[in-house]
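structure.txt, holding compact mmCIF, C-alpha atoms and all ligand atoms:
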# COMPACT_ATOMS: atom_id res chain seq x y z
CA MET A 1 -27.64 -8.66 2.98
CA SER A 2 -27.15 -8.65 6.75
CA ARG A 3 -23.70 -7.32 7.36
CA THR A 4 -22.35 -4.48 9.48
CA LEU A 5 -19.67 -1.96 8.59
CA LEU A 6 -17.79 -0.16 11.35
CA ILE A 7 -15.68 2.86 10.42
CA ALA A 8 -12.40 2.85 12.38
CA GLU A 9 -11.24 5.98 14.15
CA HIS A 10 -7.47 6.51 14.14
CA ASP A 11 -4.73 9.08 13.78
CA GLY A 12 -2.98 7.43 10.85
CA LYS A 13 -0.80 5.31 13.12
CA GLN A 14 -2.84 4.13 16.08
CA LEU A 15 -6.34 2.78 16.20
CA ASN A 16 -8.37 4.89 18.61
CA PRO A 17 -9.64 2.77 21.57
CA SER A 18 -13.18 3.92 20.76
CA THR A 19 -13.16 1.52 17.79
CA ALA A 20 -12.76 -1.56 20.04
CA LYS A 21 -15.71 -0.44 22.16
CA ALA A 22 -17.86 0.38 19.14
CA LEU A 23 -17.05 -3.07 17.72
CA THR A 24 -18.65 -4.68 20.78
CA GLY A 25 -21.77 -2.56 20.18
CA ALA A 26 -21.78 -3.36 16.45
CA LEU A 27 -21.46 -7.11 17.14
CA ALA A 28 -24.55 -6.94 19.36
CA VAL A 29 -26.62 -6.50 16.17
CA GLY A 30 -25.80 -10.13 15.45
CA HIS A 31 -24.31 -9.81 11.95
CA PRO A 32 -20.71 -10.20 10.79
CA VAL A 33 -18.83 -6.92 11.27
CA ASP A 34 -16.23 -5.54 8.86
CA ILE A 35 -14.02 -2.62 9.89
CA ALA A 36 -13.12 0.02 7.30
CA VAL A 37 -9.87 1.93 7.68
CA PHE A 38 -9.73 5.11 5.57
CA ALA A 39 -6.16 6.37 5.36
CA ALA A 40 -3.34 7.27 2.95
CA ASP A 41 -1.39 4.28 4.28
CA ALA A 42 -3.85 2.11 6.17
CA GLY A 43 -1.47 -0.78 6.86
CA PRO A 44 -0.52 -0.31 10.53
CA VAL A 45 -4.04 0.63 11.64
CA ALA A 46 -5.58 -2.20 9.63
CA GLU A 47 -3.30 -4.67 11.45
CA GLN A 48 -4.48 -3.34 14.80
CA ALA A 49 -8.14 -3.50 13.72
CA ALA A 50 -7.66 -7.07 12.43
CA SER A 51 -6.43 -8.15 15.85
CA LEU A 52 -9.73 -7.23 17.50
CA GLU A 53 -11.76 -10.31 18.30
CA GLY A 54 -15.04 -10.38 16.42
CA ALA A 55 -13.95 -8.40 13.36
CA ASP A 56 -14.70 -10.43 10.24
CA LYS A 57 -12.77 -8.47 7.60
CA VAL A 58 -10.77 -5.28 7.61
CA LEU A 59 -11.08 -3.11 4.51
CA LYS A 60 -8.23 -0.75 3.69
CA VAL A 61 -9.50 2.23 1.74
CA GLU A 62 -6.33 4.06 0.75
CA ARG A 63 -6.11 7.36 -1.10
CA ALA A 64 -4.07 10.52 -0.62
CA GLU A 65 -7.08 12.56 0.56
CA ASN A 66 -7.56 10.14 3.44
CA GLU A 67 -4.29 11.18 5.07
CA HIS A 68 -6.28 13.84 6.93
CA PRO A 69 -9.82 12.53 6.83
CA LEU A 70 -12.58 15.13 6.88
CA ALA A 71 -16.31 14.53 7.24
CA ALA A 72 -16.85 16.07 3.79
CA THR A 73 -14.45 13.66 2.05
CA LEU A 74 -15.18 10.54 4.11
CA ALA A 75 -18.96 10.69 3.80
CA PRO A 76 -19.18 9.98 0.03
CA GLN A 77 -16.69 7.11 0.43
CA ILE A 78 -18.77 5.63 3.25
CA GLU A 79 -21.86 6.02 1.07
CA ALA A 80 -20.17 4.01 -1.70
CA LEU A 81 -18.96 1.32 0.69
CA ALA A 82 -22.37 1.03 2.37
CA ALA A 83 -23.89 -0.57 -0.73
CA ASP A 84 -22.76 -3.98 0.60
CA TYR A 85 -24.06 -3.46 4.13
CA SER A 86 -27.27 -3.41 6.15
CA HIS A 87 -25.74 -1.39 9.03
CA VAL A 88 -23.04 1.29 9.17
CA PHE A 89 -21.68 2.55 12.47
CA MET A 90 -19.02 4.85 13.90
CA PRO A 91 -17.99 5.43 17.51
CA SER A 92 -19.90 8.29 19.10
CA THR A 93 -16.80 10.45 19.45
CA THR A 94 -16.34 14.03 18.30
CA PHE A 95 -15.12 12.66 14.96
CA GLY A 96 -17.92 10.12 14.59
CA LYS A 97 -20.50 12.76 15.44
CA ASP A 98 -19.07 14.90 12.64
CA VAL A 99 -18.76 12.24 9.94
CA MET A 100 -21.73 9.93 10.44
CA PRO A 101 -24.59 12.44 9.98
CA ARG A 102 -23.12 13.42 6.59
CA ALA A 103 -22.85 9.81 5.50
CA ALA A 104 -26.37 9.13 6.79
CA ALA A 105 -27.73 12.11 4.85
CA LEU A 106 -26.12 10.86 1.63
CA LEU A 107 -27.59 7.42 2.27
CA GLY A 108 -31.04 8.85 3.02
CA SER A 109 -30.98 7.06 6.35
CA PRO A 110 -32.26 8.53 9.63
CA GLN A 111 -29.21 8.14 11.88
CA VAL A 112 -29.56 6.61 15.35
CA SER A 113 -27.18 8.60 17.55
CA ASP A 114 -25.50 7.52 20.77
CA ILE A 115 -26.62 3.89 20.75
CA MET A 116 -26.23 2.57 24.31
CA GLU A 117 -27.98 -0.78 23.87
CA VAL A 118 -28.91 -2.94 20.91
CA LEU A 119 -32.32 -4.59 21.34
CA ASP A 120 -32.49 -6.11 17.88
CA ALA A 121 -31.18 -5.30 14.41
CA HIS A 122 -33.48 -2.27 14.14
CA SER A 123 -34.24 -1.30 17.75
CA PHE A 124 -31.84 0.60 19.95
CA LYS A 125 -31.76 2.41 23.27
CA ARG A 126 -30.25 5.87 23.43
CA PRO A 127 -30.13 8.68 25.98
CA ILE A 128 -31.78 12.06 25.55
CA TYR A 129 -32.14 15.18 27.74
CA ALA A 130 -28.59 14.92 29.09
CA ASN A 131 -29.00 11.24 29.93
CA ASN A 132 -32.11 11.81 32.03
CA VAL A 133 -34.37 9.88 29.69
CA ILE A 134 -33.56 6.68 27.83
CA VAL A 135 -35.63 6.18 24.68
CA THR A 136 -36.10 3.12 22.52
CA VAL A 137 -35.89 4.01 18.83
CA LYS A 138 -36.72 1.91 15.81
CA ALA A 139 -34.77 2.39 12.60
CA PRO A 140 -36.65 1.78 9.33
CA SER A 141 -35.98 -1.59 7.74
CA ASP A 142 -36.19 -0.41 4.12
CA THR A 143 -32.88 1.44 4.24
CA VAL A 144 -29.39 0.95 5.60
CA VAL A 145 -29.23 1.53 9.38
CA THR A 146 -26.72 4.24 10.29
CA GLY A 147 -25.67 5.11 13.80
CA THR A 148 -23.05 6.20 16.29
CA ILE A 149 -22.21 3.91 19.20
CA ARG A 150 -21.78 5.36 22.69
CA THR A 151 -18.37 4.05 23.68
CA ALA A 152 -18.97 4.43 27.44
CA SER A 153 -21.74 1.82 27.18
CA PHE A 154 -19.66 -1.01 25.72
CA LYS A 155 -16.54 -2.87 26.80
CA ASP A 156 -13.49 -3.15 24.53
CA ALA A 157 -13.58 -6.00 22.07
CA PRO A 158 -10.58 -8.05 23.26
CA ALA A 159 -7.42 -8.59 21.23
CA GLY A 160 -6.82 -12.03 19.74
CA GLY A 161 -8.67 -11.75 16.44
CA GLN A 162 -7.19 -12.55 13.05
CA ALA A 163 -9.47 -10.83 10.56
CA GLU A 164 -8.58 -10.95 6.88
CA ILE A 165 -7.28 -7.61 5.57
CA THR A 166 -8.31 -6.64 2.04
CA ASP A 167 -7.80 -3.59 -0.18
CA LYS A 168 -10.88 -1.78 -1.33
CA SER A 169 -10.72 0.83 -4.03
CA LEU A 170 -13.68 3.13 -4.44
CA ASP A 171 -14.43 5.06 -7.59
CA VAL A 172 -15.79 8.14 -5.83
CA GLU A 173 -15.34 11.76 -6.77
CA LEU A 174 -14.61 13.76 -3.64
CA PRO A 175 -15.98 17.28 -3.12
CA GLY A 176 -13.47 20.10 -3.56
CA HIS A 177 -15.21 22.56 -1.26
CA SER A 178 -13.48 21.34 1.91
CA ARG A 179 -9.81 20.66 2.29
CA PHE A 180 -7.45 20.01 5.15
CA VAL A 181 -5.35 23.02 6.18
CA GLU A 182 -3.88 22.33 9.59
CA LEU A 183 -4.43 20.25 12.70
CA GLU A 184 -3.82 21.78 16.09
CA VAL A 185 -3.79 19.16 18.80
CA HIS A 186 -3.36 19.76 22.49
CA LYS A 187 -0.45 17.39 23.21
CA SER A 188 -0.36 15.50 26.46
CA ASP A 189 1.60 12.55 27.77
CA ARG A 190 -1.23 11.76 30.16
CA PRO A 191 -3.71 8.98 29.41
CA ASP A 192 -6.45 9.81 26.93
CA LEU A 193 -9.44 11.14 28.85
CA GLN A 194 -12.00 8.93 27.14
CA SER A 195 -10.13 5.68 27.58
CA ALA A 196 -8.29 6.29 30.88
CA GLN A 197 -9.01 3.90 33.75
CA ARG A 198 -8.59 6.81 36.17
CA VAL A 199 -9.61 10.41 35.65
CA VAL A 200 -9.01 13.39 37.94
CA SER A 201 -11.06 16.52 37.21
CA GLY A 202 -11.01 20.05 38.52
CA GLY A 203 -13.73 22.68 38.51
CA ARG A 204 -14.21 26.37 39.15
CA GLY A 205 -13.27 25.70 42.77
CA VAL A 206 -9.66 25.22 41.67
CA GLY A 207 -9.58 28.99 41.23
CA ASN A 208 -7.25 29.66 38.32
CA LYS A 209 -4.94 28.21 35.67
CA GLU A 210 -1.87 28.18 37.93
CA ASN A 211 -3.70 26.33 40.71
CA PHE A 212 -4.64 23.63 38.21
CA GLU A 213 -1.07 22.33 38.62
CA ILE A 214 -2.26 20.65 41.81
CA ILE A 215 -4.78 18.66 39.75
CA TYR A 216 -2.11 17.64 37.22
CA ARG A 217 0.19 16.58 40.05
CA ILE A 218 -2.28 14.31 41.77
CA ALA A 219 -3.37 12.93 38.38
CA ASP A 220 0.24 12.04 37.53
CA LYS A 221 0.65 10.30 40.88
CA LEU A 222 -2.37 8.18 40.02
CA GLY A 223 -1.49 7.71 36.34
CA ALA A 224 -4.79 9.38 35.53
CA GLY A 225 -6.21 11.41 32.66
CA VAL A 226 -7.19 14.99 33.50
CA GLY A 227 -10.64 16.48 32.95
CA ALA A 228 -12.44 19.64 33.92
CA SER A 229 -15.86 21.17 34.27
CA ARG A 230 -17.14 23.61 31.71
CA ALA A 231 -16.82 26.44 34.22
CA ALA A 232 -13.09 25.67 34.50
CA VAL A 233 -12.78 25.58 30.70
CA ASP A 234 -14.79 28.78 30.20
CA ALA A 235 -12.64 30.54 32.80
CA GLY A 236 -9.53 29.59 30.80
CA PHE A 237 -7.99 27.29 33.44
CA VAL A 238 -7.63 24.48 30.86
CA PRO A 239 -8.19 23.88 27.12
CA ASN A 240 -11.68 22.88 26.06
CA ASP A 241 -10.73 19.36 24.94
CA MET A 242 -10.53 18.57 28.66
CA GLN A 243 -14.21 19.32 29.29
CA VAL A 244 -16.25 16.47 30.70
CA GLY A 245 -20.01 16.44 30.39
CA GLN A 246 -22.96 16.93 28.12
CA THR A 247 -21.14 19.27 25.76
CA GLY A 248 -17.73 17.81 26.52
CA LYS A 249 -16.48 14.25 26.73
CA ILE A 250 -18.35 11.28 28.12
CA VAL A 251 -15.94 9.30 30.28
CA ALA A 252 -16.21 5.87 31.87
CA PRO A 253 -13.11 5.32 34.04
CA GLU A 254 -12.97 2.87 36.93
CA LEU A 255 -12.13 5.82 39.20
CA TYR A 256 -13.34 9.41 38.74
CA MET A 257 -12.08 11.98 41.25
CA CYS A 258 -13.42 15.51 41.10
CA PHE A 259 -12.21 18.52 43.02
CA GLY A 260 -14.10 21.79 43.31
CA ILE A 261 -16.90 20.68 41.00
CA SER A 262 -20.47 21.36 42.15
CA GLY A 263 -22.10 18.47 40.23
CA ALA A 264 -24.36 20.27 37.76
CA ILE A 265 -26.48 17.86 35.73
CA GLN A 266 -24.58 18.76 32.56
CA HIS A 267 -21.33 17.63 34.19
CA VAL A 268 -22.72 14.55 35.89
CA THR A 269 -24.15 13.27 32.62
CA GLY A 270 -20.58 12.81 31.39
CA ILE A 271 -19.57 10.53 34.28
CA LYS A 272 -22.64 8.31 34.68
CA ASP A 273 -20.74 5.22 33.57
CA ALA A 274 -17.74 5.81 35.86
CA GLY A 275 -17.04 3.05 38.40
CA THR A 276 -16.21 4.78 41.69
CA ILE A 277 -16.83 8.52 41.94
CA VAL A 278 -14.89 10.44 44.58
CA ALA A 279 -15.84 14.07 45.20
CA VAL A 280 -14.09 16.73 47.23
CA ASN A 281 -16.01 19.95 47.79
CA LYS A 282 -16.08 22.44 50.62
CA ASP A 283 -19.87 22.83 50.37
CA PRO A 284 -21.61 19.90 52.15
CA ASP A 285 -24.76 20.60 50.12
CA ALA A 286 -23.04 20.41 46.73
CA PRO A 287 -25.13 18.18 44.40
CA ILE A 288 -22.03 16.16 43.47
CA PHE A 289 -22.39 14.38 46.83
CA GLU A 290 -25.73 12.93 45.68
CA ILE A 291 -23.97 10.79 43.08
CA ALA A 292 -20.52 10.37 44.65
CA ASP A 293 -19.59 6.95 46.07
CA ILE A 294 -17.09 8.63 48.36
CA GLY A 295 -17.52 12.27 49.35
CA LEU A 296 -15.18 14.43 51.34
CA VAL A 297 -16.28 17.85 52.59
CA GLY A 298 -13.23 20.05 52.73
CA ASP A 299 -10.83 22.40 51.00
CA LEU A 300 -9.19 20.80 48.00
CA PHE A 301 -6.00 22.75 48.67
CA GLU A 302 -5.67 20.95 52.02
CA ILE A 303 -6.95 17.57 50.93
CA ILE A 304 -4.87 17.10 47.76
CA PRO A 305 -1.48 17.64 49.49
CA GLU A 306 -2.54 15.18 52.22
CA LEU A 307 -3.55 12.68 49.57
CA GLU A 308 -0.26 13.17 47.72
CA GLU A 309 1.66 12.51 50.92
CA LYS A 310 -0.28 9.32 51.56
CA LEU A 311 0.28 8.13 48.00
CA GLY A 312 4.00 8.57 48.59
C1 LIG A 401 -26.34 23.57 27.57
C2 LIG A 401 -25.34 23.46 28.67
C3 LIG A 401 -24.32 22.52 28.52
C4 LIG A 401 -23.35 22.38 29.53
N1 LIG A 401 -22.38 21.44 29.38
C5 LIG A 401 -21.51 21.21 30.39
C6 LIG A 401 -20.51 20.19 30.32
O1 LIG A 401 -20.36 19.51 29.30
N2 LIG A 401 -19.69 20.02 31.37
C7 LIG A 401 -19.79 20.77 32.52
O2 LIG A 401 -19.00 20.56 33.45
N3 LIG A 401 -20.71 21.77 32.61
C8 LIG A 401 -21.55 22.01 31.57
N4 LIG A 401 -22.45 23.01 31.67
C9 LIG A 401 -22.32 23.98 32.80
C10 LIG A 401 -22.92 23.47 34.09
O3 LIG A 401 -24.29 23.84 34.15
C11 LIG A 401 -22.21 24.13 35.30
O4 LIG A 401 -22.27 25.53 35.17
C12 LIG A 401 -20.74 23.72 35.44
O5 LIG A 401 -20.63 22.32 35.39
C13 LIG A 401 -20.23 24.23 36.78
O6 LIG A 401 -18.87 23.93 36.89
P1 LIG A 401 -18.20 23.81 38.34
O7 LIG A 401 -18.89 22.75 39.10
O8 LIG A 401 -16.75 23.74 38.13
O9 LIG A 401 -18.48 25.26 38.94
P2 LIG A 401 -19.42 25.70 40.14
O10 LIG A 401 -20.82 25.26 39.90
O11 LIG A 401 -19.18 27.15 40.32
O12 LIG A 401 -18.88 24.89 41.38
C14 LIG A 401 -17.65 25.11 41.96
C15 LIG A 401 -17.62 24.23 43.19
O13 LIG A 401 -16.32 24.30 43.78
C16 LIG A 401 -16.50 24.24 45.19
N5 LIG A 401 -15.28 24.83 45.76
C17 LIG A 401 -14.85 26.12 45.69
N6 LIG A 401 -13.65 26.26 46.28
C18 LIG A 401 -13.31 25.04 46.76
C19 LIG A 401 -12.19 24.54 47.48
N7 LIG A 401 -11.17 25.31 47.78
N8 LIG A 401 -12.18 23.23 47.82
C20 LIG A 401 -13.21 22.40 47.48
N9 LIG A 401 -14.30 22.83 46.81
C21 LIG A 401 -14.34 24.12 46.44
C22 LIG A 401 -17.75 25.04 45.45
O14 LIG A 401 -18.32 24.68 46.70
C23 LIG A 401 -18.62 24.64 44.27
O15 LIG A 401 -19.45 23.53 44.58
C24 LIG A 401 -23.41 23.20 30.68
C25 LIG A 401 -24.45 24.13 30.81
C26 LIG A 401 -25.39 24.26 29.81
C27 LIG A 401 -26.48 25.27 29.98
Will you turn the file into structure tokens for me?
Ligand SMILES: Cc1cc2nc3c(=O)[nH]c(=O)nc-3n(C[C@H](O)[C@H](O)[C@H](O)COP(=O)(O)OP(=O)(O)OC[C@H]3O[C@@H](n4cnc5c(N)ncnc54)[C@H](O)[C@@H]3O)c2cc1C
Amino acid sequence: MSRTLLIAEHDGKQLNPSTAKALTGALAVGHPVDIAVFAADAGPVAEQAASLEGADKVLKVERAENEHPLAATLAPQIEALAADYSHVFMPSTTFGKDVMPRAAALLGSPQVSDIMEVLDAHSFKRPIYANNVIVTVKAPSDTVVTGTIRTASFKDAPAGGQAEITDKSLDVELPGHSRFVELEVHKSDRPDLQSAQRVVSGGRGVGNKENFEIIYRIADKLGAGVGASRAAVDAGFVPNDMQVGQTGKIVAPELYMCFGISGAIQHVTGIKDAGTIVAVNKDPDAPIFEIADIGLVGDLFEIIPELEEKLG
């Protein structure tokens, strides 16, 4: 059977935007794509998934344990669901990177991670060495293909779909060794870093946690998400869910503005798909200027207030 299953990412209420991007990647395989929503009450998220153009069916997999989905409890359910599919994908987000390898292991399938291009149903391009090398990998054809889809490489599947929503009950015993205890989320009213159209980031050059206010201020003026370099995270200026780069988040905004960031390869790898990159750094030889579309040599503490004034 040639059919693709995409596992939706959501918080129980809202479909995460990564699912719409991963759907575009999944559709590139050329088979019908069903979206599975694992939740305690999957209704609202299933409706949102069904409205994505290109989705064939939406499967609601409801059980109490899915209220707080964990990799350990989702993986056996994905394994059971995969019996009807030739391909199973998740977005290449922190959550997808946690869940999919477990499901792939249960399915005995060598997972293709970070798919950035689909060449055919079994051949994919993916980045390695911090995006410096793109490899073509071939998945075996005698087993289900499992993979994570790099959301920065695909556009959102547009709204306007009307997929059929069906209930799916799975007779799967879930492992008791892992259970949900508590979720601590850094709350922010700012746009989500990975789906924001504009992102403003600060680095070690910002100096300290208090100074980071200047970054938040300019970001709010621009309606932007806020990111940071690892040096800024390690120094405790900001929480680590704001880190952009190889070991942080991969972002693809239309506008990426970075202040006091040198442009180390591990940071730059996270912004390769950004539209326009604007860099402000007081060192004219900073490597960030090699990839910036617009570079300004100067002190961020002088430039940001000027910019704020101009923005009104
Ligand atoms: C395995 C591995 C994974 C990593 N993953 C990541 C990752 O995911 N993300 C990431 O960011 N890094 C990552 N790093 C770290 C990376 O190598 C760099 O150390 C880090 O990106 C540097 O952060 P920075 O540019 O803020 O700091 P620095 O390199 O110290 O640069 C600070 C910059 O601020 C400028 N500056 C200082 N004061 C001002 C001012 N007043 N106005 C304007 N400019 C000013 C300086 O000229 C300098 O260029 C990783 C490293 C390793 C080894």
All residues 9 Å or closer to Asp120 of chain A, only C-alpha atoms, same chain fewer than 6 positions away omitted, as number ranges by chain:
A: 28-30
If we draw a sphere of 8 Å around (-4.9, -8.9, 15.8), which residues have at least one atom in it when counting all atoms listed in the file? Please report them as a ChimeraX atom specification.
/A:47-53,159-163
Which residues are near ligand LIG 401 (chain A) - at most 7 Å, using all atoms listed in the file? Format: as an NGL selection string.
:A and (202-206 or 228-232 or 243-248 or 259-267 or 280-283 or 286 or 298-301)
Go ahead and save the picked residues with C-alpha atoms, as a PDB file, in the coordinates of the input.
ATOM      1  CA  GLY A 202     -11.010  20.050  38.520  1.00  0.00           C
ATOM      2  CA  GLY A 203     -13.730  22.680  38.510  1.00  0.00           C
ATOM      3  CA  ARG A 204     -14.210  26.370  39.150  1.00  0.00           C
ATOM      4  CA  GLY A 205     -13.270  25.700  42.770  1.00  0.00           C
ATOM      5  CA  VAL A 206      -9.660  25.220  41.670  1.00  0.00           C
ATOM      6  CA  ALA A 228     -12.440  19.640  33.920  1.00  0.00           C
ATOM      7  CA  SER A 229     -15.860  21.170  34.270  1.00  0.00           C
ATOM      8  CA  ARG A 230     -17.140  23.610  31.710  1.00  0.00           C
ATOM      9  CA  ALA A 231     -16.820  26.440  34.220  1.00  0.00           C
ATOM     10  CA  ALA A 232     -13.090  25.670  34.500  1.00  0.00           C
ATOM     11  CA  GLN A 243     -14.210  19.320  29.290  1.00  0.00           C
ATOM     12  CA  VAL A 244     -16.250  16.470  30.700  1.00  0.00           C
ATOM     13  CA  GLY A 245     -20.010  16.440  30.390  1.00  0.00           C
ATOM     14  CA  GLN A 246     -22.960  16.930  28.120  1.00  0.00           C
ATOM     15  CA  THR A 247     -21.140  19.270  25.760  1.00  0.00           C
ATOM     16  CA  GLY A 248     -17.730  17.810  26.520  1.00  0.00           C
ATOM     17  CA  PHE A 259     -12.210  18.520  43.020  1.00  0.00           C
ATOM     18  CA  GLY A 260     -14.100  21.790  43.310  1.00  0.00           C
ATOM     19  CA  ILE A 261     -16.900  20.680  41.000  1.00  0.00           C
ATOM     20  CA  SER A 262     -20.470  21.360  42.150  1.00  0.00           C
ATOM     21  CA  GLY A 263     -22.100  18.470  40.230  1.00  0.00           C
ATOM     22  CA  ALA A 264     -24.360  20.270  37.760  1.00  0.00           C
ATOM     23  CA  ILE A 265     -26.480  17.860  35.730  1.00  0.00           C
ATOM     24  CA  GLN A 266     -24.580  18.760  32.560  1.00  0.00           C
ATOM     25  CA  HIS A 267     -21.330  17.630  34.190  1.00  0.00           C
ATOM     26  CA  VAL A 280     -14.090  16.730  47.230  1.00  0.00           C
ATOM     27  CA  ASN A 281     -16.010  19.950  47.790  1.00  0.00           C
ATOM     28  CA  LYS A 282     -16.080  22.440  50.620  1.00  0.00           C
ATOM     29  CA  ASP A 283     -19.870  22.830  50.370  1.00  0.00           C
ATOM     30  CA  ALA A 286     -23.040  20.410  46.730  1.00  0.00           C
ATOM     31  CA  GLY A 298     -13.230  20.050  52.730  1.00  0.00           C
ATOM     32  CA  ASP A 299     -10.830  22.400  51.000  1.00  0.00           C
ATOM     33  CA  LEU A 300      -9.190  20.800  48.000  1.00  0.00           C
ATOM     34  CA  PHE A 301      -6.000  22.750  48.670  1.00  0.00           C
TER      35      PHE A 301
END
Selection near Leu23 of chain A, 10 Å with all atoms listed in the file, sequence-local residues under 4 positions removed, as a VMD selection string:
chain A and resid 4 to 8 18 to 19 27 to 28 33 to 35 49 52 to 55 89 to 91 149 151 154 to 158
Can you work out which one of A:Val118, A:Val145, A:Ala64, A:Val135 has the shortest atom-to-atom distance to Gly25 of chain A, counting all atoms listed in the file?
A:Val118
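The coordinates place atom CA of Tyr85 of chain A at 22.3 Å from atom CA of Arg126 of chain A.
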Using all atoms listed in the file for the distances, tell me which of A:Glu213, A:Asp114, A:Glu65, A:Asp167 is nearest to Thr93 of chain A.
A:Asp114
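For the choices A:Thr148, A:Gly225, A:Ala22, A:Ile218, the atom-to-atom distance to Asp189 of chain A is smallest for A:Gly225 when using only C-alpha atoms.
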To box segment 120-128 of chain A, take all atoms listed in the file, fit an axis-aligned box, add 6 Å on each side, and give centre and edge lengths in Å to one decimal, as JSON.
{"center_x": -32.2, "center_y": 3.0, "center_z": 20.1, "size_x": 16.1, "size_y": 30.2, "size_z": 23.8}
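Using all atoms listed in the file, the smallest distance between any of A:Leu296, A:Val45, A:Leu307, A:Ala82 and Ile165 of chain A comes from A:Val45.
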